[in-house]
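File shown here: coords_31.cif, holding mmCIF, C-alpha atoms.
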data_model
loop_
_atom_site.label_atom_id
_atom_site.label_comp_id
_atom_site.auth_asym_id
_atom_site.auth_seq_id
_atom_site.Cartn_x
_atom_site.Cartn_y
_atom_site.Cartn_z
CA MET W 96 -35.00 -11.72 -10.28
CA ARG W 97 -34.12 -8.76 -8.07
CA ARG W 98 -31.61 -10.91 -6.20
CA TRP W 99 -29.75 -11.81 -9.41
CA LYS W 100 -29.84 -8.18 -10.47
CA ASN W 101 -28.17 -7.19 -7.18
CA ILE W 102 -25.50 -9.88 -7.62
CA VAL W 103 -24.69 -8.69 -11.14
CA LEU W 104 -24.60 -5.08 -9.94
CA MET W 105 -22.32 -5.99 -7.05
CA LEU W 106 -19.88 -7.82 -9.36
CA ALA W 107 -19.83 -4.79 -11.66
CA ILE W 108 -19.03 -2.39 -8.80
CA ILE W 109 -16.53 -4.52 -6.85
CA GLY W 110 -12.91 -3.86 -7.80
CA PRO W 111 -11.42 -0.55 -6.58
CA GLY W 112 -11.58 -1.46 -2.87
CA ILE W 113 -10.11 -4.97 -3.20
CA ILE W 114 -7.43 -3.84 -5.67
CA THR W 115 -6.36 -0.79 -3.66
CA ALA W 116 -6.13 -2.64 -0.33
CA SER W 117 -4.56 -5.82 -1.75
CA ILE W 118 -1.91 -4.04 -3.77
CA ASP W 119 -1.02 -2.08 -0.67
CA ASN W 120 0.84 -5.30 0.18
CA ASP W 121 3.50 -4.32 -2.35
CA ALA W 122 7.28 -4.85 -2.24
CA PRO W 123 7.92 -2.27 0.53
CA GLY W 124 4.99 -3.65 2.52
CA ILE W 125 6.09 -7.28 2.20
CA THR W 126 9.62 -6.26 3.17
CA THR W 127 8.33 -4.45 6.26
CA TYR W 128 6.26 -7.46 7.40
CA SER W 129 9.11 -9.88 6.66
CA VAL W 130 11.64 -7.81 8.63
CA ALA W 131 9.14 -7.40 11.51
CA GLY W 132 8.64 -11.18 11.78
CA ALA W 133 12.33 -12.01 11.41
CA ARG W 134 13.50 -9.47 14.01
CA TYR W 135 10.73 -9.58 16.62
CA GLY W 136 8.93 -12.87 16.05
CA TYR W 137 5.21 -12.71 16.86
CA LEU W 138 5.64 -9.56 18.98
CA LEU W 139 4.28 -7.13 16.37
CA LEU W 140 1.22 -9.16 15.30
CA TRP W 141 -1.09 -7.21 17.63
CA THR W 142 -0.45 -4.00 15.63
CA LEU W 143 -2.48 -5.47 12.73
CA ILE W 144 -5.76 -5.35 14.71
CA PRO W 145 -5.95 -1.56 15.27
CA THR W 146 -4.36 -1.03 11.86
CA THR W 147 -7.13 -3.07 10.17
CA VAL W 148 -9.86 -1.11 11.97
CA ALA W 149 -8.21 2.19 10.98
CA LEU W 150 -7.76 0.99 7.39
CA ILE W 151 -11.44 0.03 7.01
CA VAL W 152 -12.67 3.33 8.46
CA ILE W 153 -10.32 5.49 6.38
CA GLN W 154 -10.87 3.60 3.12
CA GLU W 155 -14.65 3.64 3.56
CA MET W 156 -14.51 7.38 4.23
CA VAL W 157 -12.47 8.07 1.10
CA ALA W 158 -14.61 5.76 -1.05
CA ARG W 159 -17.73 7.56 0.17
CA MET W 160 -16.26 10.90 -0.91
CA GLY W 161 -15.55 9.48 -4.36
CA VAL W 162 -19.12 8.24 -4.79
CA VAL W 163 -20.82 11.38 -3.44
CA THR W 164 -18.66 13.99 -5.22
CA GLY W 165 -17.54 12.08 -8.33
CA LYS W 166 -14.11 13.67 -7.84
CA GLY W 167 -10.65 12.59 -6.70
CA LEU W 168 -9.17 13.60 -3.33
CA SER W 169 -6.53 15.98 -4.71
CA ASP W 170 -9.22 17.59 -6.89
CA LEU W 171 -11.26 18.35 -3.76
CA ILE W 172 -8.20 19.62 -1.86
CA ARG W 173 -7.39 22.03 -4.71
CA GLU W 174 -10.97 23.31 -4.95
CA ASN W 175 -11.33 23.89 -1.19
CA TYR W 176 -7.82 24.84 -0.02
CA GLY W 177 -6.16 26.40 -3.05
CA VAL W 178 -3.55 25.50 -5.62
CA ARG W 179 -0.50 26.50 -3.55
CA ILE W 180 -1.13 24.12 -0.63
CA THR W 181 -2.10 21.35 -3.04
CA PHE W 182 0.99 21.87 -5.19
CA PHE W 183 3.48 21.53 -2.31
CA MET W 184 1.61 18.54 -0.92
CA MET W 185 1.67 16.84 -4.33
CA ILE W 186 5.43 17.44 -4.71
CA ILE W 187 6.18 15.77 -1.36
CA LEU W 188 3.89 12.85 -2.15
CA MET W 189 5.36 12.50 -5.62
CA ILE W 190 8.87 12.16 -4.13
CA ALA W 191 7.64 9.51 -1.68
CA ASN W 192 5.85 7.62 -4.45
CA PHE W 193 8.90 7.73 -6.68
CA GLY W 194 10.85 5.98 -3.92
CA THR W 195 8.06 3.42 -3.58
CA THR W 196 7.95 2.80 -7.35
CA THR W 197 11.71 2.23 -7.39
CA ALA W 198 11.28 -0.19 -4.50
CA GLU W 199 8.61 -2.06 -6.48
CA PHE W 200 11.02 -2.65 -9.36
CA ALA W 201 13.76 -3.63 -6.90
CA GLY W 202 11.38 -6.25 -5.46
CA TRP W 203 10.54 -7.49 -8.97
CA ALA W 204 14.26 -7.73 -9.85
CA ALA W 205 15.13 -9.56 -6.63
CA SER W 206 12.30 -12.08 -7.02
CA MET W 207 13.26 -12.79 -10.63
CA GLU W 208 16.89 -13.43 -9.61
CA ILE W 209 15.66 -16.06 -7.10
CA PHE W 210 14.32 -17.97 -10.14
CA GLY W 211 17.64 -17.49 -11.95
CA LEU W 212 16.43 -14.75 -14.33
CA SER W 213 18.55 -11.68 -15.03
CA LYS W 214 17.18 -8.37 -13.78
CA TYR W 215 18.68 -6.68 -16.86
CA ILE W 216 16.15 -8.56 -18.97
CA MET W 217 13.20 -8.89 -16.59
CA VAL W 218 13.05 -5.29 -15.31
CA PRO W 219 12.78 -3.73 -18.81
CA ALA W 220 10.33 -6.49 -19.80
CA GLY W 221 8.18 -5.90 -16.71
CA ALA W 222 8.26 -2.11 -17.17
CA LEU W 223 7.24 -2.41 -20.83
CA GLY W 224 4.46 -4.88 -20.02
CA ILE W 225 2.77 -2.72 -17.38
CA TRP W 226 3.24 0.44 -19.49
CA LEU W 227 1.45 -1.21 -22.43
CA LEU W 228 -1.33 -2.53 -20.16
CA VAL W 229 -2.19 0.92 -18.79
CA THR W 230 -1.54 3.15 -21.80
CA LYS W 231 -3.17 0.86 -24.37
CA GLY W 232 -5.83 -0.87 -22.27
CA SER W 233 -9.13 0.43 -20.88
CA TYR W 234 -10.04 0.88 -17.21
CA ARG W 235 -12.18 -2.29 -17.35
CA ILE W 236 -9.31 -4.41 -18.79
CA VAL W 237 -6.78 -3.08 -16.26
CA GLU W 238 -9.19 -3.70 -13.38
CA ARG W 239 -9.86 -7.31 -14.44
CA VAL W 240 -6.13 -8.07 -14.79
CA LEU W 241 -5.46 -6.63 -11.34
CA LEU W 242 -8.32 -8.56 -9.71
CA VAL W 243 -7.08 -11.88 -11.12
CA ALA W 244 -3.50 -11.09 -10.06
CA CYS W 245 -4.70 -10.34 -6.50
CA LEU W 246 -5.50 -14.06 -6.10
CA LEU W 247 -1.76 -14.85 -6.16
CA TYR W 248 -1.37 -13.10 -2.80
CA PHE W 249 -2.78 -16.20 -1.14
CA GLY W 250 0.59 -17.83 -1.81
CA TYR W 251 1.69 -16.14 1.44
CA VAL W 252 -1.11 -17.88 3.35
CA ILE W 253 0.02 -21.26 2.01
CA SER W 254 3.65 -20.45 2.89
CA GLY W 255 2.53 -19.55 6.40
CA PHE W 256 0.89 -22.97 6.95
CA MET W 257 3.88 -24.75 5.38
CA ALA W 258 6.13 -23.11 7.99
CA LYS W 259 4.19 -25.03 10.72
CA PRO W 260 3.78 -22.12 13.18
CA GLU W 261 3.01 -22.32 16.91
CA TRP W 262 -0.62 -21.17 16.96
CA ASN W 263 -0.83 -20.67 20.74
CA ARG W 264 2.10 -18.20 20.62
CA ILE W 265 0.55 -16.53 17.54
CA LEU W 266 -2.71 -16.03 19.44
CA GLU W 267 -0.80 -14.50 22.34
CA GLY W 268 1.16 -12.16 20.05
CA THR W 269 -2.04 -11.10 18.28
CA LEU W 270 -4.22 -10.43 21.34
CA ILE W 271 -1.71 -9.17 23.94
CA PRO W 272 -0.02 -5.86 22.99
CA ARG W 273 3.65 -5.66 23.96
CA ILE W 274 6.04 -2.81 23.24
CA LYS W 275 9.84 -2.63 23.21
CA TRP W 276 11.19 0.88 23.68
CA GLU W 277 13.80 0.50 20.97
CA SER W 278 14.16 2.77 17.93
CA GLU W 279 14.01 -0.23 15.56
CA PHE W 280 10.81 -1.54 17.19
CA ILE W 281 9.16 1.90 17.02
CA MET W 282 10.30 2.39 13.42
CA LEU W 283 8.86 -0.98 12.38
CA THR W 284 5.59 -0.15 14.16
CA ILE W 285 5.34 3.11 12.20
CA ALA W 286 6.35 1.27 9.01
CA ILE W 287 3.61 -1.37 9.51
CA ILE W 288 1.00 1.35 9.90
CA GLY W 289 2.56 3.44 7.12
CA THR W 290 2.70 0.57 4.65
CA THR W 291 -0.84 -0.63 5.46
CA VAL W 292 -2.54 2.78 5.48
CA THR W 293 -0.64 4.73 2.83
CA PRO W 294 -1.21 8.22 1.39
CA TRP W 295 -1.21 7.03 -2.24
CA MET W 296 -3.99 4.50 -1.71
CA GLN W 297 -6.39 7.22 -0.49
CA PHE W 298 -5.86 9.15 -3.72
CA TYR W 299 -6.01 6.07 -5.96
CA LEU W 300 -9.15 4.61 -4.37
CA GLN W 301 -11.14 7.83 -4.60
CA SER W 302 -9.95 8.54 -8.17
CA SER W 303 -10.73 5.01 -9.39
CA ILE W 304 -14.21 5.10 -7.84
CA ALA W 305 -14.85 8.51 -9.41
CA GLU W 306 -13.64 7.25 -12.82
CA LYS W 307 -15.82 4.15 -12.51
CA GLY W 308 -18.86 6.37 -11.91
CA ILE W 309 -20.46 4.48 -9.01
CA LYS W 310 -23.81 5.99 -7.98
CA LYS W 311 -24.90 6.91 -4.45
CA GLU W 312 -27.72 4.37 -4.42
CA ASP W 313 -25.23 1.58 -5.17
CA TYR W 314 -22.70 2.62 -2.55
CA ARG W 315 -23.48 -0.35 -0.28
CA PHE W 316 -21.68 -2.61 -2.77
CA SER W 317 -18.70 -0.28 -2.91
CA LYS W 318 -18.57 -0.31 0.90
CA LEU W 319 -18.55 -4.13 0.86
CA ASP W 320 -15.74 -3.99 -1.71
CA VAL W 321 -13.69 -1.77 0.63
CA VAL W 322 -14.26 -3.87 3.77
CA VAL W 323 -13.42 -7.18 2.02
CA GLY W 324 -10.29 -5.65 0.49
CA CYS W 325 -9.06 -4.34 3.86
CA LEU W 326 -9.62 -7.70 5.57
CA ILE W 327 -7.80 -9.56 2.81
CA THR W 328 -4.78 -7.26 2.85
CA ASP W 329 -4.22 -7.65 6.59
CA ILE W 330 -4.79 -11.41 6.54
CA ILE W 331 -1.96 -11.57 3.97
CA ALA W 332 0.20 -9.28 6.15
CA PHE W 333 -0.53 -11.52 9.14
CA PHE W 334 0.72 -14.64 7.35
CA ILE W 335 3.86 -12.92 6.06
CA ILE W 336 4.82 -11.97 9.62
CA VAL W 337 3.90 -15.47 10.86
CA THR W 338 6.02 -17.18 8.19
CA CYS W 339 9.15 -15.19 8.99
CA ALA W 340 8.55 -15.25 12.75
CA THR W 341 8.23 -19.05 12.70
CA THR W 342 11.23 -19.83 10.50
CA LEU W 343 13.74 -16.98 10.70
CA PHE W 344 13.34 -15.42 14.17
CA PRO W 345 14.12 -18.59 16.23
CA ASN W 346 17.29 -19.10 14.18
CA GLY W 347 18.50 -15.52 14.58
CA ILE W 348 18.42 -14.85 10.84
CA ARG W 349 18.29 -11.10 10.20
CA ILE W 350 17.10 -9.88 6.82
CA ASN W 351 16.83 -6.51 5.10
CA GLU W 352 14.46 -7.36 2.25
CA ALA W 353 11.69 -9.77 1.29
CA SER W 354 13.79 -11.66 -1.28
CA GLU W 355 16.24 -12.61 1.50
CA ALA W 356 13.29 -13.97 3.47
CA ALA W 357 12.22 -16.11 0.51
CA ILE W 358 15.72 -17.62 0.19
CA ALA W 359 16.13 -18.11 3.93
CA LEU W 360 12.86 -20.05 4.13
CA ARG W 361 14.22 -23.00 2.13
CA PRO W 362 16.01 -24.89 4.97
CA PHE W 363 13.04 -24.48 7.34
CA ALA W 364 9.90 -24.60 5.22
CA GLY W 365 11.11 -26.27 2.03
CA LYS W 366 11.74 -25.20 -1.56
CA TYR W 367 8.03 -24.91 -2.39
CA ALA W 368 7.49 -22.36 0.38
CA THR W 369 10.46 -20.40 -0.99
CA ALA W 370 9.03 -20.51 -4.52
CA LEU W 371 5.57 -19.43 -3.33
CA PHE W 372 7.02 -16.58 -1.28
CA ALA W 373 9.18 -15.41 -4.20
CA LEU W 374 6.35 -15.74 -6.74
CA SER W 375 4.01 -13.75 -4.49
CA LEU W 376 6.71 -11.08 -4.09
CA ALA W 377 7.10 -10.86 -7.88
CA ASN W 378 3.35 -10.51 -8.32
CA ALA W 379 3.04 -7.88 -5.57
CA SER W 380 6.00 -5.89 -6.91
CA LEU W 381 4.67 -5.74 -10.45
CA LEU W 382 1.16 -4.82 -9.32
CA GLY W 383 2.60 -2.12 -7.07
CA ALA W 384 4.62 -0.80 -10.01
CA ILE W 385 1.31 -0.38 -11.87
CA ILE W 386 -0.76 1.21 -9.12
CA VAL W 387 1.66 3.57 -7.34
CA PRO W 388 2.62 5.50 -10.51
CA LEU W 389 -1.08 5.48 -11.50
CA ALA W 390 -2.04 6.98 -8.15
CA THR W 391 0.68 9.60 -8.58
CA ALA W 392 -0.50 10.54 -12.07
CA TYR W 393 -4.11 10.73 -10.83
CA TYR W 394 -3.52 13.07 -7.92
CA VAL W 395 -1.00 15.33 -9.64
CA CYS W 396 -3.28 15.84 -12.65
CA GLU W 397 -6.36 16.36 -10.51
CA ALA W 398 -4.48 18.85 -8.32
CA MET W 399 -3.39 20.85 -11.36
CA GLY W 400 -6.74 20.60 -13.15
CA TRP W 401 -5.39 18.43 -15.98
CA GLU W 402 -7.26 15.61 -17.71
CA ALA W 403 -6.71 12.21 -16.09
CA GLY W 404 -7.87 8.62 -16.55
CA ILE W 405 -6.87 5.20 -17.88
CA ASN W 406 -9.59 5.39 -20.53
CA LYS W 407 -7.98 8.47 -22.06
CA THR W 408 -5.23 8.52 -24.70
CA PHE W 409 -1.89 10.36 -24.79
CA LYS W 410 -3.59 13.02 -26.90
CA GLU W 411 -6.53 13.43 -24.50
CA ALA W 412 -4.53 13.36 -21.24
CA PRO W 413 -0.84 13.96 -22.10
CA GLU W 414 0.23 15.03 -18.59
CA PHE W 415 -1.39 11.96 -16.99
CA MET W 416 0.24 9.53 -19.41
CA TRP W 417 3.67 11.21 -19.33
CA ILE W 418 3.82 11.32 -15.51
CA TYR W 419 2.96 7.61 -15.43
CA THR W 420 5.54 6.84 -18.14
CA ALA W 421 8.32 8.93 -16.55
CA LEU W 422 7.93 7.31 -13.11
CA ILE W 423 8.13 3.81 -14.57
CA VAL W 424 11.08 4.52 -16.87
CA ILE W 425 13.23 6.39 -14.31
CA ALA W 426 12.52 3.90 -11.51
CA ALA W 427 13.34 0.92 -13.75
CA ILE W 428 16.61 2.53 -14.89
CA LEU W 429 17.68 3.24 -11.28
CA VAL W 430 17.20 -0.41 -10.33
CA LEU W 431 19.49 -1.48 -13.19
CA ILE W 432 22.40 0.72 -12.04
CA PRO W 433 25.00 -1.55 -10.37
CA ARG W 434 25.68 -1.07 -6.65
CA ILE W 435 23.09 1.66 -6.18
CA PRO W 436 21.93 1.50 -2.52
CA LEU W 437 18.36 0.19 -2.80
CA ILE W 438 18.29 -2.28 0.11
CA THR W 439 16.90 0.17 2.70
CA LEU W 440 14.66 2.03 0.24
CA MET W 441 11.66 -0.22 0.82
CA ILE W 442 11.60 0.28 4.60
CA LEU W 443 12.34 4.01 4.24
CA SER W 444 9.50 4.55 1.75
CA SER W 445 7.08 2.87 4.17
CA PHE W 446 8.44 5.02 7.00
CA LEU W 447 8.07 8.20 4.92
CA ASN W 448 4.49 7.24 4.10
CA GLY W 449 3.86 6.86 7.83
CA ILE W 450 5.08 10.42 8.41
CA LEU W 451 3.08 11.89 5.49
CA LEU W 452 -0.17 10.06 6.23
CA PRO W 453 -1.41 12.34 9.06
CA PHE W 454 -1.35 15.37 6.77
CA VAL W 455 -3.34 13.56 4.06
CA LEU W 456 -5.87 12.34 6.64
CA ILE W 457 -6.33 15.83 8.12
CA PHE W 458 -7.36 17.14 4.69
CA ALA W 459 -9.59 14.10 4.06
CA LEU W 460 -11.30 14.46 7.45
CA ALA W 461 -11.94 18.16 6.92
CA LEU W 462 -13.49 17.44 3.51
CA VAL W 463 -15.63 14.45 4.52
CA ASN W 464 -17.11 16.44 7.42
CA ASN W 465 -17.98 19.41 5.20
CA ARG W 466 -21.78 19.33 4.77
CA ARG W 467 -21.56 21.63 1.75
CA ILE W 468 -19.58 18.90 -0.04
CA MET W 469 -20.99 15.70 1.47
CA GLY W 470 -24.53 16.64 2.47
CA GLU W 471 -26.02 13.81 4.58
CA PHE W 472 -22.99 11.55 3.90
CA THR W 473 -20.63 13.20 6.43
CA ASN W 474 -18.73 11.08 8.99
CA SER W 475 -20.36 9.72 12.11
CA LYS W 476 -18.78 10.54 15.50
CA GLY W 477 -17.38 7.00 15.71
CA TYR W 478 -15.62 7.33 12.36
CA ASN W 479 -14.15 10.67 13.37
CA TYR W 480 -12.87 9.28 16.68
CA ILE W 481 -11.05 6.39 14.98
CA SER W 482 -9.67 8.60 12.18
CA TRP W 483 -8.38 11.27 14.56
CA ALA W 484 -6.95 8.58 16.85
CA THR W 485 -4.98 7.21 13.86
CA VAL W 486 -3.58 10.69 13.13
CA ILE W 487 -2.61 11.26 16.78
CA VAL W 488 -0.98 7.82 17.14
CA LEU W 489 1.09 8.31 13.96
CA ILE W 490 2.29 11.76 15.05
CA SER W 491 3.13 10.45 18.55
CA LEU W 492 5.07 7.43 17.24
CA THR W 493 7.00 9.59 14.78
CA THR W 494 7.91 12.09 17.51
CA ILE W 495 9.08 9.30 19.84
CA LEU W 496 11.24 7.81 17.08
CA LEU W 497 12.83 11.17 16.25
CA LEU W 498 13.61 11.82 19.93
CA MET W 499 15.10 8.34 20.36
CA THR W 500 17.26 8.90 17.28
CA ILE W 501 18.37 12.49 17.96
CA LEU W 502 18.89 12.56 21.76
CA PRO W 503 21.69 9.89 21.88
CA GLY W 504 23.58 11.91 19.24
CA LEU W 505 23.18 15.15 21.21
CA ARG W 506 24.39 13.49 24.41
CA ALA W 507 27.44 12.08 22.60
CA ASN W 508 28.43 15.60 21.48
CA THR W 509 28.15 17.18 24.95
#
What would you get if you wrote out this structure as structure tokens?
Amino acid sequence: MRRWKNIVLMLAIIGPGIITASIDNDAPGITTYSVAGARYGYLLLWTLIPTTVALIVIQEMVARMGVVTGKGLSDLIRENYGVRITFFMMIILMIANFGTTTAEFAGWAASMEIFGLSKYIMVPAGALGIWLLVTKGSYRIVERVLLVACLLYFGYVISGFMAKPEWNRILEGTLIPRIKWESEFIMLTIAIIGTTVTPWMQFYLQSSIAEKGIKKEDYRFSKLDVVVGCLITDIIAFFIIVTCATTLFPNGIRINEASEAAIALRPFAGKYATALFALSLANASLLGAIIVPLATAYYVCEAMGWEAGINKTFKEAPEFMWIYTALIVIAAILVLIPRIPLITLMILSSFLNGILLPFVLIFALALVNNRRIMGEFTNSKGYNYISWATVIVLISLTTILLLMTILPGLRANT
């Protein structure tokens, strides 16, 4: 009887971790992995191992804060570090998330055009559909829809097997780290980390756990939810890189976005692989267009002390609902403007997230190690080592990239 009770309890708690991690494989993320595979083959696969470890540690840490405090991350930052610091941090993150939301709709539009559907019809339809889901539905309904939609991500796994990869070379690329000292290689490395461990997902995960009201004694199920979600998201990322590395890299096909990868797959992996890749991109883009604006609305409202939550109405939480609405409407309109330069936006948003992430993690680490806030649930030394190592690696990679970009220009002018 107790066993069945635990199973029911686990099913009730599972959701935020799997959804947050899975939907991190959104349009910018899929583009980053596709470009990495197409341009460098299996060479960047090894980056997924340390990234997965870092993702699990960071997500578990943030989830633990949500359970123990019952508050969102930006709420805790405001309470402990003041409104001014929080305000400027939220503005920067809001700009980054706006770029990501626009990229989500660009991915949705591109995937729909692969199936012969006009973006001028499908983008407004998609925007209206997700707006109605969040503003009219409850947290429980939204969570169930997202969990079911997460299953479609396994289309990338099927596409990967259909590409017939060379598994011995994949094993080598995964287990033996190799680095090319090129600005594009370094930028893609930062982008892979930045699109896998993003600032917005820390805010969304903690806010969704707080809104769900998970208790301390049930945290073991929430931890399982987080670990499973992190493993799934990087397995999907692995197969996206493998698919493009197997089919596009040997043929010298360079791409700039995931929809180009889907089209380019047809001669090498068949029309069904193309359809699966495009369908998975459409699914990921639409889910990302739900979650990224939601995360933005959560952390801005929490930072400013406004009411927030999917279960609330426009009357109860006007700022939350209007921020969510504005991000969706403006991003969708931008995608519909002819010839607007959106091709590089997906990679750039991932890159910007990689630059912003260390600052978010520094605040999160300071909070999770505060015994006044966390009591006995503070980080272990091992968790702190991995978290600080992630921050240091991101700052180092960003500095190297900036130097590699700026120094050639300075030399040319002297």
- Message: For Ala305 of chain W, find every residue with an atom within 8 Å (counting all atoms listed in the file), except residues of its own chain fewer than 4 positions away, and show them as a PyMOL selection string.
- Response: chain W and resi 161-162+164-167+301+309
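Proximity to Ala340 of chain W was assessed for W:Arg466, W:Arg434, W:Lys307, W:Arg264 counting all atoms listed in the file; the smallest distance is recorded for W:Arg264.
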- Between W:Leu374, W:Ile113, W:Ala204, W:Val455, single out the one closest to Val243 of chain W, counting all atoms listed in the file. W:Ile113
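With distances taken over all atoms listed in the file, W:Arg159 is the one residue among W:Arg239, W:Arg134, W:Arg159, W:Lys476 lying closest to Tyr314 of chain W.
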Hey, what's within 10 Å of Ser233 of chain W if we count all atoms listed in the file and toss same-chain stuff fewer than 6 positions away? As an mmCIF file with C-alpha atoms, in the frame of the given file, please?
data_model
loop_
_atom_site.group_PDB
_atom_site.id
_atom_site.type_symbol
_atom_site.label_atom_id
_atom_site.label_comp_id
_atom_site.auth_asym_id
_atom_site.auth_seq_id
_atom_site.Cartn_x
_atom_site.Cartn_y
_atom_site.Cartn_z
ATOM 1 C CA GLY W 404 -7.870 8.620 -16.550
ATOM 2 C CA ILE W 405 -6.870 5.200 -17.880
ATOM 3 C CA ASN W 406 -9.590 5.390 -20.530
ATOM 4 C CA LYS W 407 -7.980 8.470 -22.060
ATOM 5 C CA THR W 408 -5.230 8.520 -24.700
#
- Task: Can you pull out every residue within 12 Å of segment 472-474 of chain W, counting all atoms listed in the file, but drop anything in the same chain fewer than 3 positions away, and send it as number ranges by chain?
- Result: W: 152-153, 155-164, 311-312, 314, 459-469, 477-483
- Query: Which value, in Å to one decimal, gives the distance between atom CA of Phe280 of chain W and atom CA of Leu140 of chain W?
  - Reply: 12.4 Å
- Message: Translate the PyMOL selection byres ((chain W and resi 216) around 12) into a concrete residue list for this structure, as a ChimeraX atom specification.
- Response: /W:203-204,207-208,211-215,217-223,427-428,430-431
- Task: Would you write out, as JSON, numbers by chain, every residue that the PyMOL selection byres ((chain W and resi 328-332) around 10) captures in this file?
- Result: {"W": [113, 114, 115, 116, 117, 118, 119, 120, 124, 125, 127, 128, 129, 140, 143, 144, 146, 147, 150, 245, 248, 249, 250, 251, 252, 255, 287, 291, 323, 324, 325, 326, 327, 333, 334, 335, 336, 337]}
How would the residues just chosen look if you wrote them out with C-alpha atoms as a PDB file, keeping the file's coordinate frame?
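Okay, selection_32.pdb is ready:
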ATOM      1  CA  ILE W 113     -10.110  -4.970  -3.200  1.00  0.00           C
ATOM      2  CA  ILE W 114      -7.430  -3.840  -5.670  1.00  0.00           C
ATOM      3  CA  THR W 115      -6.360  -0.790  -3.660  1.00  0.00           C
ATOM      4  CA  ALA W 116      -6.130  -2.640  -0.330  1.00  0.00           C
ATOM      5  CA  SER W 117      -4.560  -5.820  -1.750  1.00  0.00           C
ATOM      6  CA  ILE W 118      -1.910  -4.040  -3.770  1.00  0.00           C
ATOM      7  CA  ASP W 119      -1.020  -2.080  -0.670  1.00  0.00           C
ATOM      8  CA  ASN W 120       0.840  -5.300   0.180  1.00  0.00           C
ATOM      9  CA  GLY W 124       4.990  -3.650   2.520  1.00  0.00           C
ATOM     10  CA  ILE W 125       6.090  -7.280   2.200  1.00  0.00           C
ATOM     11  CA  THR W 127       8.330  -4.450   6.260  1.00  0.00           C
ATOM     12  CA  TYR W 128       6.260  -7.460   7.400  1.00  0.00           C
ATOM     13  CA  SER W 129       9.110  -9.880   6.660  1.00  0.00           C
ATOM     14  CA  LEU W 140       1.220  -9.160  15.300  1.00  0.00           C
ATOM     15  CA  LEU W 143      -2.480  -5.470  12.730  1.00  0.00           C
ATOM     16  CA  ILE W 144      -5.760  -5.350  14.710  1.00  0.00           C
ATOM     17  CA  THR W 146      -4.360  -1.030  11.860  1.00  0.00           C
ATOM     18  CA  THR W 147      -7.130  -3.070  10.170  1.00  0.00           C
ATOM     19  CA  LEU W 150      -7.760   0.990   7.390  1.00  0.00           C
ATOM     20  CA  CYS W 245      -4.700 -10.340  -6.500  1.00  0.00           C
ATOM     21  CA  TYR W 248      -1.370 -13.100  -2.800  1.00  0.00           C
ATOM     22  CA  PHE W 249      -2.780 -16.200  -1.140  1.00  0.00           C
ATOM     23  CA  GLY W 250       0.590 -17.830  -1.810  1.00  0.00           C
ATOM     24  CA  TYR W 251       1.690 -16.140   1.440  1.00  0.00           C
ATOM     25  CA  VAL W 252      -1.110 -17.880   3.350  1.00  0.00           C
ATOM     26  CA  GLY W 255       2.530 -19.550   6.400  1.00  0.00           C
ATOM     27  CA  ILE W 287       3.610  -1.370   9.510  1.00  0.00           C
ATOM     28  CA  THR W 291      -0.840  -0.630   5.460  1.00  0.00           C
ATOM     29  CA  VAL W 323     -13.420  -7.180   2.020  1.00  0.00           C
ATOM     30  CA  GLY W 324     -10.290  -5.650   0.490  1.00  0.00           C
ATOM     31  CA  CYS W 325      -9.060  -4.340   3.860  1.00  0.00           C
ATOM     32  CA  LEU W 326      -9.620  -7.700   5.570  1.00  0.00           C
ATOM     33  CA  ILE W 327      -7.800  -9.560   2.810  1.00  0.00           C
ATOM     34  CA  PHE W 333      -0.530 -11.520   9.140  1.00  0.00           C
ATOM     35  CA  PHE W 334       0.720 -14.640   7.350  1.00  0.00           C
ATOM     36  CA  ILE W 335       3.860 -12.920   6.060  1.00  0.00           C
ATOM     37  CA  ILE W 336       4.820 -11.970   9.620  1.00  0.00           C
ATOM     38  CA  VAL W 337       3.900 -15.470  10.860  1.00  0.00           C
TER      39      VAL W 337
END
- Task: Give me the residues within 12 Å of Leu389 of chain W as a ChimeraX atom specification, counting all atoms listed in the file and dropping any in the same chain fewer than 5 places off.
- Result: /W:115,189,192-193,196,225-226,228-230,234,237,295-296,298-300,302-303,382-384,394-396,403-405,414-423
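Between atom CA of Lys259 of chain W and atom CA of Val148 of chain W the interatomic distance comes to 27.8 Å.
Interatomic distance, atom CA of Ala205 of chain W to atom CA of Thr369 of chain W: 13.1 Å.
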